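File shown: query-v2.cif. Contents: mmCIF, C-alpha atoms and all ligand atoms.
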```
data_target
loop_
_atom_site.label_atom_id
_atom_site.label_comp_id
_atom_site.auth_asym_id
_atom_site.auth_seq_id
_atom_site.Cartn_x
_atom_site.Cartn_y
_atom_site.Cartn_z
CA MET A 1 38.36 56.49 94.45
CA HIS A 2 41.20 55.81 92.04
CA SER A 3 43.81 53.52 93.69
CA ARG A 4 46.79 55.92 92.85
CA THR A 5 44.94 58.85 94.42
CA LEU A 6 44.20 56.71 97.49
CA LEU A 7 47.90 55.79 97.82
CA THR A 8 48.97 59.46 97.56
CA LEU A 9 46.45 60.46 100.24
CA ARG A 10 47.73 57.72 102.58
CA LEU A 11 51.37 58.83 102.06
CA CYS A 12 50.43 62.45 102.81
CA ALA A 13 48.63 61.44 106.00
CA LEU A 14 51.67 59.38 107.10
CA LEU A 15 54.02 62.31 106.45
CA GLY A 16 51.74 64.59 108.47
CA ILE A 17 51.87 62.19 111.45
CA VAL A 18 55.70 61.98 111.23
CA LEU A 19 56.06 65.80 111.10
CA SER A 20 53.68 66.38 113.98
CA CYS A 21 55.54 63.70 116.02
CA VAL A 22 58.86 65.46 115.35
CA SER A 23 57.53 68.86 116.40
CA SER A 24 55.78 67.55 119.51
CA HIS A 25 58.96 65.61 120.40
CA SER A 26 61.02 68.86 120.14
CA ALA A 27 58.46 70.66 122.28
CA LEU A 28 58.52 67.84 124.85
CA MET A 29 62.32 67.92 124.92
CA GLY A 30 62.22 71.70 125.44
CA ILE A 31 64.16 72.40 122.23
CA ALA A 32 63.50 76.04 121.30
CA PRO A 33 63.88 77.25 117.69
CA ALA A 34 67.40 78.63 117.02
CA PRO A 35 67.50 82.26 118.26
CA GLN A 36 68.13 84.97 115.65
CA SER A 37 71.31 86.88 116.54
CA PRO A 38 70.75 90.67 116.49
CA PRO A 39 72.11 92.42 113.40
CA ARG A 40 75.65 93.76 113.83
CA TYR A 41 74.73 97.19 112.45
CA GLU A 42 71.66 99.30 113.00
CA THR A 43 70.22 101.97 110.70
CA ARG A 44 68.39 104.97 112.17
CA ALA A 45 66.40 107.54 110.23
CA GLU A 46 67.20 110.27 112.75
CA HIS A 47 70.92 110.88 112.93
CA ASP A 48 73.76 113.39 112.91
CA PRO A 49 74.03 115.21 109.54
CA ASN A 50 77.75 114.34 109.45
CA GLY A 51 77.07 110.65 109.95
CA ILE A 52 75.72 107.98 107.59
CA GLY A 53 72.81 106.83 109.81
CA LYS A 54 74.52 103.45 110.37
CA PHE A 55 75.40 102.58 113.97
CA TYR A 56 77.87 100.11 115.49
CA MET A 57 77.65 99.38 119.22
CA GLY A 58 75.67 102.61 119.73
CA ARG A 59 78.11 104.81 117.77
CA GLU A 60 77.18 106.50 114.52
CA ILE A 61 79.66 105.97 111.68
CA ALA A 62 80.94 109.22 110.09
CA MET A 63 80.95 110.07 106.40
CA VAL A 64 84.19 109.27 104.54
CA MET A 65 86.30 112.36 103.86
CA GLY A 66 86.42 112.79 100.08
CA HIS A 67 89.73 113.22 98.22
CA GLU A 68 88.52 116.66 97.04
CA ALA A 69 89.39 117.90 100.55
CA SER A 70 92.89 116.42 100.57
CA ASP A 71 94.48 119.91 100.90
CA TRP A 72 92.81 120.18 104.30
CA LEU A 73 94.81 117.14 105.46
CA ASP A 74 98.07 118.99 104.75
CA ARG A 75 97.08 122.24 106.51
CA PRO A 76 99.94 123.73 108.57
CA GLU A 77 97.68 124.07 111.67
CA ARG A 78 98.03 120.31 112.22
CA GLU A 79 101.45 120.96 113.78
CA GLN A 80 99.76 122.75 116.73
CA GLU A 81 96.58 120.66 116.79
CA GLU A 82 98.24 117.23 116.61
CA ASN A 83 101.95 117.63 117.39
CA PRO A 84 102.96 114.90 114.90
CA ALA A 85 106.54 114.68 116.24
CA LYS A 86 105.20 113.81 119.70
CA LEU A 87 102.91 111.17 118.19
CA MET A 88 105.82 109.63 116.24
CA ALA A 89 107.87 109.41 119.48
CA ALA A 90 104.94 107.83 121.36
CA LEU A 91 104.66 105.11 118.68
CA LYS A 92 108.16 103.77 119.56
CA LEU A 93 109.04 103.11 115.93
CA LYS A 94 112.24 101.25 115.02
CA PRO A 95 114.19 100.97 111.76
CA GLY A 96 113.17 97.88 109.79
CA MET A 97 109.56 97.77 111.02
CA ALA A 98 106.62 96.97 108.71
CA VAL A 99 103.98 99.61 109.41
CA ALA A 100 100.51 99.94 107.86
CA ASP A 101 99.03 103.45 107.71
CA ILE A 102 95.40 102.55 107.08
CA GLY A 103 93.26 105.40 105.79
CA ALA A 104 96.49 107.15 104.82
CA GLY A 105 94.75 110.01 102.97
CA SER A 106 97.29 112.30 101.29
CA GLY A 107 100.14 110.78 103.30
CA TYR A 108 100.49 113.37 106.10
CA TYR A 109 101.66 110.63 108.48
CA THR A 110 102.88 108.12 105.88
CA PHE A 111 106.13 109.97 105.15
CA ARG A 112 106.84 110.66 108.83
CA LEU A 113 106.47 106.91 109.42
CA ALA A 114 108.65 106.13 106.37
CA LYS A 115 111.44 108.30 107.79
CA ALA A 116 111.26 106.52 111.15
CA VAL A 117 111.38 102.93 109.80
CA GLY A 118 114.14 103.81 107.31
CA LYS A 119 115.34 102.05 104.18
CA THR A 120 115.08 98.60 105.74
CA GLY A 121 111.49 99.17 106.81
CA ARG A 122 108.22 99.44 104.86
CA VAL A 123 105.12 101.57 105.16
CA TYR A 124 101.98 100.17 103.56
CA ALA A 125 99.76 103.17 102.84
CA VAL A 126 96.22 101.82 102.53
CA ASP A 127 93.21 103.80 101.34
CA ILE A 128 89.92 103.15 99.56
CA GLN A 129 90.25 106.22 97.28
CA GLN A 130 92.61 105.81 94.34
CA GLU A 131 93.04 109.62 94.22
CA MET A 132 94.61 109.53 97.72
CA LEU A 133 96.98 106.70 96.69
CA ASP A 134 97.95 108.69 93.57
CA LEU A 135 98.90 111.68 95.77
CA ILE A 136 101.09 109.42 97.92
CA ASN A 137 102.77 107.79 94.89
CA GLU A 138 103.49 111.23 93.43
CA ARG A 139 104.91 112.49 96.72
CA GLN A 140 107.13 109.41 97.07
CA ARG A 141 108.45 109.96 93.54
CA LYS A 142 109.29 113.61 94.32
CA LEU A 143 111.01 112.66 97.60
CA GLY A 144 112.98 109.85 95.89
CA LEU A 145 111.87 107.30 98.50
CA ARG A 146 111.27 103.60 97.92
CA ASN A 147 109.94 102.30 101.23
CA VAL A 148 106.28 103.28 100.82
CA VAL A 149 103.93 100.78 99.16
CA THR A 150 100.42 101.96 98.31
CA VAL A 151 97.58 99.46 98.74
CA MET A 152 94.00 99.79 97.50
CA GLY A 153 91.85 98.54 100.34
CA ALA A 154 88.18 97.59 100.43
CA ILE A 155 85.61 99.02 102.85
CA ASP A 156 85.82 95.81 104.89
CA ASP A 157 89.40 94.66 104.28
CA PRO A 158 92.76 96.49 104.16
CA LYS A 159 94.12 93.74 101.84
CA LEU A 160 97.32 93.14 103.77
CA LYS A 161 99.18 89.81 104.01
CA PRO A 162 98.38 87.78 107.15
CA ASN A 163 100.95 87.98 109.99
CA SER A 164 103.03 90.58 108.16
CA ILE A 165 102.68 93.88 110.06
CA ASP A 166 104.43 95.16 113.23
CA LEU A 167 102.23 98.23 113.68
CA ILE A 168 98.92 99.36 112.21
CA ILE A 169 98.18 103.04 112.71
CA LEU A 170 94.76 104.62 112.17
CA VAL A 171 94.89 108.41 112.41
CA ASP A 172 91.48 110.05 112.39
CA VAL A 173 90.01 107.23 110.33
CA TYR A 174 88.49 104.39 112.39
CA HIS A 175 85.27 106.35 113.01
CA GLU A 176 84.80 106.47 109.19
CA PHE A 177 85.03 102.72 108.61
CA ASP A 178 81.81 101.56 106.98
CA HIS A 179 82.40 97.98 108.28
CA PRO A 180 84.38 98.43 111.52
CA TYR A 181 83.90 94.86 112.76
CA GLU A 182 85.11 93.29 109.50
CA MET A 183 88.02 95.75 109.25
CA ASN A 184 89.06 94.80 112.79
CA VAL A 185 88.94 91.07 111.97
CA ASN A 186 91.16 91.61 108.93
CA MET A 187 93.53 94.02 110.68
CA VAL A 188 94.05 91.47 113.47
CA LYS A 189 94.86 88.83 110.82
CA ALA A 190 97.43 91.15 109.21
CA LEU A 191 99.31 91.76 112.48
CA LYS A 192 102.25 89.61 113.51
CA PRO A 193 101.93 88.07 116.99
CA GLY A 194 102.94 90.90 119.33
CA GLY A 195 102.14 93.45 116.59
CA ARG A 196 100.28 96.60 117.66
CA LEU A 197 97.08 98.31 116.52
CA ALA A 198 97.11 102.04 117.31
CA PHE A 199 94.02 104.27 117.22
CA VAL A 200 94.57 108.03 117.05
CA GLU A 201 91.20 109.67 117.57
CA PHE A 202 89.98 113.11 118.66
CA ARG A 203 89.01 112.89 122.34
CA MET A 204 85.22 112.68 122.77
CA GLU A 205 85.72 113.14 126.52
CA ASP A 206 87.08 116.66 125.98
CA GLU A 207 84.41 119.20 125.08
CA GLU A 208 87.12 121.76 124.30
CA VAL A 209 88.29 119.75 121.27
CA PRO A 210 86.58 121.63 118.39
CA ILE A 211 85.79 118.65 116.15
CA LYS A 212 82.38 117.41 114.93
CA LEU A 213 80.87 114.79 117.26
CA VAL A 214 80.85 111.84 114.83
CA HIS A 215 84.56 112.48 114.17
CA LYS A 216 85.44 112.06 117.86
CA MET A 217 85.74 108.81 119.82
CA SER A 218 85.98 108.11 123.54
CA GLU A 219 88.52 105.67 124.95
CA ALA A 220 85.62 103.65 126.44
CA GLN A 221 83.94 103.27 123.03
CA VAL A 222 87.18 102.14 121.34
CA LYS A 223 87.73 99.56 124.11
CA LYS A 224 84.10 98.39 123.88
CA GLU A 225 84.41 97.78 120.13
CA MET A 226 87.77 96.05 120.48
CA ALA A 227 86.44 93.72 123.19
CA ALA A 228 84.78 91.83 120.29
CA HIS A 229 88.31 90.77 119.22
CA PRO A 230 89.77 88.65 122.02
CA GLU A 231 92.98 88.06 120.02
CA LEU A 232 93.93 91.60 121.09
CA LYS A 233 94.81 93.04 124.48
CA TRP A 234 94.85 96.71 125.45
CA VAL A 235 98.39 97.94 126.09
CA GLU A 236 98.29 101.68 126.79
CA THR A 237 96.48 104.97 126.26
CA TYR A 238 98.69 107.98 125.70
CA LYS A 239 97.05 111.32 126.45
CA GLY A 240 99.98 113.67 125.82
CA LEU A 241 98.73 114.98 122.44
CA PRO A 242 96.94 118.33 122.14
CA TRP A 243 93.50 117.07 120.94
CA GLN A 244 93.83 113.33 120.33
CA HIS A 245 94.46 110.20 122.34
CA LEU A 246 96.55 107.27 121.18
CA ILE A 247 94.97 103.97 122.20
CA VAL A 248 97.17 100.93 121.62
CA PHE A 249 96.29 97.22 121.51
CA ALA A 250 98.63 94.29 120.80
CA LYS A 251 97.96 90.92 119.17
CA LYS A 252 98.43 88.16 121.73
CA GLY A 253 101.15 85.59 121.09
CA MET A 254 104.93 85.48 121.13
CA PRO A 255 106.66 87.99 118.83
CA GLY A 256 108.59 86.19 116.12
CA ARG A 257 106.08 83.28 115.92
CA THR A 258 103.32 83.03 113.34
C1 LIG B 301 90.09 111.92 107.56
S1 LIG B 301 91.10 111.09 106.41
C2 LIG B 301 92.58 110.88 107.38
C3 LIG B 301 93.80 110.69 106.52
C4 LIG B 301 95.12 110.50 107.28
N1 LIG B 301 95.10 109.39 108.19
C5 LIG B 301 95.53 111.76 107.99
O1 LIG B 301 95.49 111.78 109.24
O2 LIG B 301 95.90 112.72 107.31
C6 LIG B 301 90.43 109.45 106.36
C7 LIG B 301 90.89 108.59 105.21
O3 LIG B 301 90.47 107.24 105.47
C8 LIG B 301 90.09 106.63 104.27
N2 LIG B 301 89.22 105.46 104.58
C9 LIG B 301 87.93 105.45 104.98
N3 LIG B 301 87.51 104.17 105.15
C10 LIG B 301 88.57 103.37 104.86
C11 LIG B 301 88.76 101.96 104.86
N4 LIG B 301 87.80 101.09 105.18
N5 LIG B 301 89.98 101.49 104.52
C12 LIG B 301 90.98 102.33 104.18
N6 LIG B 301 90.84 103.67 104.16
C13 LIG B 301 89.66 104.19 104.50
C14 LIG B 301 89.42 107.74 103.49
O4 LIG B 301 89.41 107.45 102.11
C15 LIG B 301 90.32 108.95 103.85
O5 LIG B 301 91.37 109.09 102.93
#
```

Here is the file; what I need is its structure written in the form of structure tokens.
Ligand SMILES: C[S@@+](CC[C@H](N)C(=O)[O-])C[C@H]1O[C@@H](n2cnc3c(N)ncnc32)[C@H](O)[C@@H]1O
Amino acid sequence: MHSRTLLTLRLCALLGIVLSCVSSHSALMGIAPAPQSPPRYETRAEHDPNGIGKFYMGREIAMVMGHEASDWLDRPEREQEENPAKLMAALKLKPGMAVADIGAGSGYYTFRLAKAVGKTGRVYAVDIQQEMLDLINERQRKLGLRNVVTVMGAIDDPKLKPNSIDLIILVDVYHEFDHPYEMNVNMVKALKPGGRLAFVEFRMEDEEVPIKLVHKMSEAQVKKEMAAHPELKWVETYKGLPWQHLIVFAKKGMPGRT
């Protein structure tokens, strides 16, 4: 046999011995191959027609409400169904606060928040549909206000500055987030220490609430999903609204420190 071929064969044999020694050593030492972590999201073929077939922690994510239905967000019936004044009072807003209204839609809550935080405060109205942000900009122009800032978010990131927000409010939106885990990570980053994250969701526990199932959330499910974010602690659940509950978490740490 040619001497170069012989040398190559010897090298291959040596490499084989080394590799088999390494694997038998791992087996002897009881080192198991690294476990694969389960995927964060699950896709199911059978699902609610109002959902997207993507599940997070057992909950199906709802379809995003398109801007074509923005009139529905400003329907007068919301006064009776949601009692917005009572919600505003429960949020304990103060002049000068920086509030983020994530999934602001046409601004139904944005301008109520803007009134409460006053000229020295700011409301960051975040949405992923430019048409919704355009409606808010137009409304702000008509009202002659200057304390609302519209922000184009991404499906996994509200694009807010870290440690800049006193209160994030999510009215009837969290259940639509396509990437809830990533949104939560980025919302936590945006909060100041002591800042609050407030979920306003239709009560799943209450069968009388006439809202489609994937658009409702139970308090237990919200708490289960937020347990993946140990930087937050649950503060209170307010049940005094007609159809919704307000579930509030706060970012751990001393207010005023970043
Ligand atoms: C049902 S509407 C609620 C609007 C408003 N909060 C209200 O109560 O009138 C939900 C809004 O959330 C927006 N949205 C969905 N996913 C979002 C995300 N990841 N980030 C920001 N906005 C989002 C949608 O574009 C839509 O405008």

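Across the model, the gap from atom C13 of ligand LIG 301 (chain B) to CA of Asp206 (chain A) is 25.0 Å.
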
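Coordinates place CA of Gly58 (chain A) at a distance of 16.1 Å from CA of Glu205 (chain A).
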
If the limit is 9 Å from any atom of ligand LIG 301 (chain B), counting only C-alpha atoms and all ligand atoms, which residues qualify? Return them as an NGL selection string. :A and (63-67 or 70 or 72-74 or 101-110 or 125-133 or 152-158 or 169-180 or 183 or 200 or 215)

Distance criterion (only C-alpha atoms): nearest to Gly53 (chain A) out of A:Met254, A:Leu167, A:Val214, A:Val235: A:Val214

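Every protein or nucleic acid residue with an atom no more than 7 Å from region 38-44 of chain A, counting all atoms listed in the file and leaving out same-chain residues fewer than 4 positions away, appears here: Gly53, Lys54, Phe55 and Tyr56 of chain A.
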
Leaving out region 217-234 of chain A and any residue of its chain fewer than 3 positions from it, which residues lie within 6 Å of it when counting all atoms listed in the file, given as an NGL selection string? :A and (201 or 203-205 or 249-252)
